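Contents: one structure, followed by commentary.
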Amino acid sequence: GRLLAWSADPARQVAVARVDGVRPGVAHTRAVVLAGGVVVVLDRLESAEPHVYDFVYHNFGRLAPGAGWTATPAAGPLWDSSPARSIGDLRVLEGRGPLRLDWDLAGQVAAPAAAAEPRSPALALWQLPAGRAFIGTTGLNNPNTATIPDSAPSLFTRAEGRGAPVAFATVLE
């Protein structure tokens with residue numbers, strides 16, 4: 001891959017990189033911005049040929065769809081492979097506007113002691129609609145609790161590109 005942009009400015013850290021040939025004929029450009037405790041991830045995938053692209057995000061904690069979003073059981077696996085068949089409790093997400101998911105991290109990290117209003121640690125994810133979205137559970141080794149493997153509620157967003165670029169825009173707070 002190639003590093004296209006970099007800034008270590010503490011107020012707004014940025015890294016942009018591109019990999020040509022991440023799959024045959026597919027280029028992937030990713031920009032990551034960290035500013036004010038918010039992470040913005042911008043992905044652009046492109047190919048002259050039709051492709052199906054998957055954005056996958058795993059996190060520990062308890063996952064719930066945000067306001068205006070529902071999760072209903074999926075009819076089958078996302079694709080035909082043993083990793084896809086091992087995704088537990090696969091559900092289709094439906095809603096309007098940007099996708100919102102919330103992870104309760106109370107069992108993962110301690111709440112900040114110096115906070116003016118102590119609240120349970122949490123992670124919020126927003127993603128602009130790019131395709132069909134699903135949630136399910138995978139297994140990962142958890143460095144927070146030393147549980148091996150631990151349940152990791154995950155987001156899977158699937159989009160089709162037919163010669164035009166596909167973009168995923170995701171915000172984590």
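As shown in the structure tokens, the chain order sets the letters A, B, ...; within each chain, residues go from 1, and ligands are also counted from 1 in the order they appear.
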Write out as a list in words the residues lying within 10 Å of Asn141 in chain A, counting only C-alpha atoms and excluding same-chain residues fewer than 3 positions away. Phe60, Asn144, Thr145, Ala146, Thr147, Ile148, Pro149, Asp150, Ser151 and Ala152 of chain A
Where does range 45-69 of chain A meet range 99-113 of chain A within 10 Å, residue by residue, with the nearest atom pair and distance in Å to one decimal for each, counting only C-alpha atoms, listed by chain and rising number, as a tab-separated table?
residue	atom	partner	partner_atom	distance
A:Asn59	CA	A:Trp103	CA	7.7
A:Phe60	CA	A:Leu105	CA	7.2
A:Gly61	CA	A:Leu105	CA	4.8
A:Arg62	CA	A:Asp104	CA	5.0
A:Leu63	CA	A:Trp103	CA	4.4
A:Ala64	CA	A:Asp102	CA	5.3
A:Pro65	CA	A:Leu101	CA	4.6
A:Gly66	CA	A:Arg100	CA	4.7
A:Ala67	CA	A:Arg100	CA	7.2
A:Gly68	CA	A:Arg100	CA	8.4
A:Trp69	CA	A:Arg100	CA	7.3
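With CA of Leu172 in chain A on one side and CA of Thr157 in chain A on the other, the separation reads 15.3 Å.
The shortest atom-to-atom distance to Arg12 in chain A, with only C-alpha atoms taken into account, belongs to A:Gly37 out of A:Gly131, A:Pro83, A:Gly163, A:Gly37.
Near Gly88 in chain A, within 10 Å and counting only C-alpha atoms, sit Pro77, Ala84, Arg85, Ser86, Leu90, Arg91, Ile135, Gly136, Thr137, Thr138, Gly139, Ser151, Ala152, Pro153 and Ser154 of chain A, not including residues fewer than 2 positions from it in the same chain.
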Atoms kept (C-alpha atoms) for selection, written as a PDB file, in the first residue's frame:
ATOM      1  CA  PRO A  77     -25.555 -16.856   6.248  1.00  0.00           C
ATOM      2  CA  ALA A  84     -19.836 -16.910   7.584  1.00  0.00           C
ATOM      3  CA  ARG A  85     -21.719 -19.914   8.933  1.00  0.00           C
ATOM      4  CA  SER A  86     -20.023 -19.398  12.320  1.00  0.00           C
ATOM      5  CA  LEU A  90     -27.227 -13.068  12.421  1.00  0.00           C
ATOM      6  CA  ARG A  91     -29.856 -10.329  12.086  1.00  0.00           C
ATOM      7  CA  ILE A 135     -25.391  -7.672  13.054  1.00  0.00           C
ATOM      8  CA  GLY A 136     -24.195 -10.960  14.453  1.00  0.00           C
ATOM      9  CA  THR A 137     -21.783 -12.425  16.963  1.00  0.00           C
ATOM     10  CA  THR A 138     -18.252 -13.596  16.244  1.00  0.00           C
ATOM     11  CA  GLY A 139     -15.587 -14.882  18.605  1.00  0.00           C
ATOM     12  CA  SER A 151     -18.415 -13.020  22.161  1.00  0.00           C
ATOM     13  CA  ALA A 152     -17.889  -9.990  19.897  1.00  0.00           C
ATOM     14  CA  PRO A 153     -21.089  -8.383  18.583  1.00  0.00           C
ATOM     15  CA  SER A 154     -20.306  -7.260  15.042  1.00  0.00           C
TER      16      SER A 154
END
Excluding same-chain residues fewer than 6 positions from Val39 in chain A, what lies within 7 Å of it counting only C-alpha atoms, as a list in words? Val32, Val33, Val171, Leu172 and Glu173 of chain A
Can you measure CA of Ala167 in chain A to CA of Ala35 in chain A for me? One decimal in Å is fine. 21.0 Å
I need the residues in chain A that are alpha helix (DSSP H) according to DSSP; give them as an MDAnalysis selection string. chainID A and resid 82:85
Output C-alpha atoms for every residue in that selection, as an mmCIF file, in the first residue's frame.
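Output (part.cif):
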data_model
loop_
_atom_site.group_PDB
_atom_site.id
_atom_site.type_symbol
_atom_site.label_atom_id
_atom_site.label_comp_id
_atom_site.auth_asym_id
_atom_site.auth_seq_id
_atom_site.Cartn_x
_atom_site.Cartn_y
_atom_site.Cartn_z
ATOM 1 C CA SER A 82 -17.387 -21.768 7.220
ATOM 2 C CA PRO A 83 -16.481 -18.334 8.722
ATOM 3 C CA ALA A 84 -19.836 -16.910 7.584
ATOM 4 C CA ARG A 85 -21.719 -19.914 8.933
#
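Using only C-alpha atoms, the nearest neighbour of Arg30 in chain A within the list A:Ala71, A:Leu3, A:Val56, A:Ala124 is A:Leu3.
Nearest residue to Phe134 in chain A, choosing from A:Gly161, A:Pro121, A:Gly25, A:Gly95 and counting only C-alpha atoms: A:Gly95.
The smallest atom-to-atom distance between Glu160 in chain A and any of A:Asp80, A:Asp20, A:Glu49, A:Asp43, using only C-alpha atoms, is found for A:Glu49.
Coordinates place CA of Ala15 in chain A at a distance of 5.7 Å from CA of Ala31 in chain A.
Using only C-alpha atoms, the smallest distance between any of A:Val26, A:Val19, A:Val14, A:Leu140 and Val41 in chain A comes from A:Val14.
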Would you mind writing down, as a PyMOL selection string, each residue of range 26-169 of chain A that DSSP on the backbone assigns to strand (DSSP E or B)? chain A and resi 26-35+38-46+50-58+62-65+69-73+88-95+99-104+122-127+132-142+147-162+166-169
Can you work out which one of A:Val16, A:Ala164, A:Ala133, A:Ala8 has the shortest atom-to-atom distance to Leu45 in chain A, counting only C-alpha atoms? A:Ala164
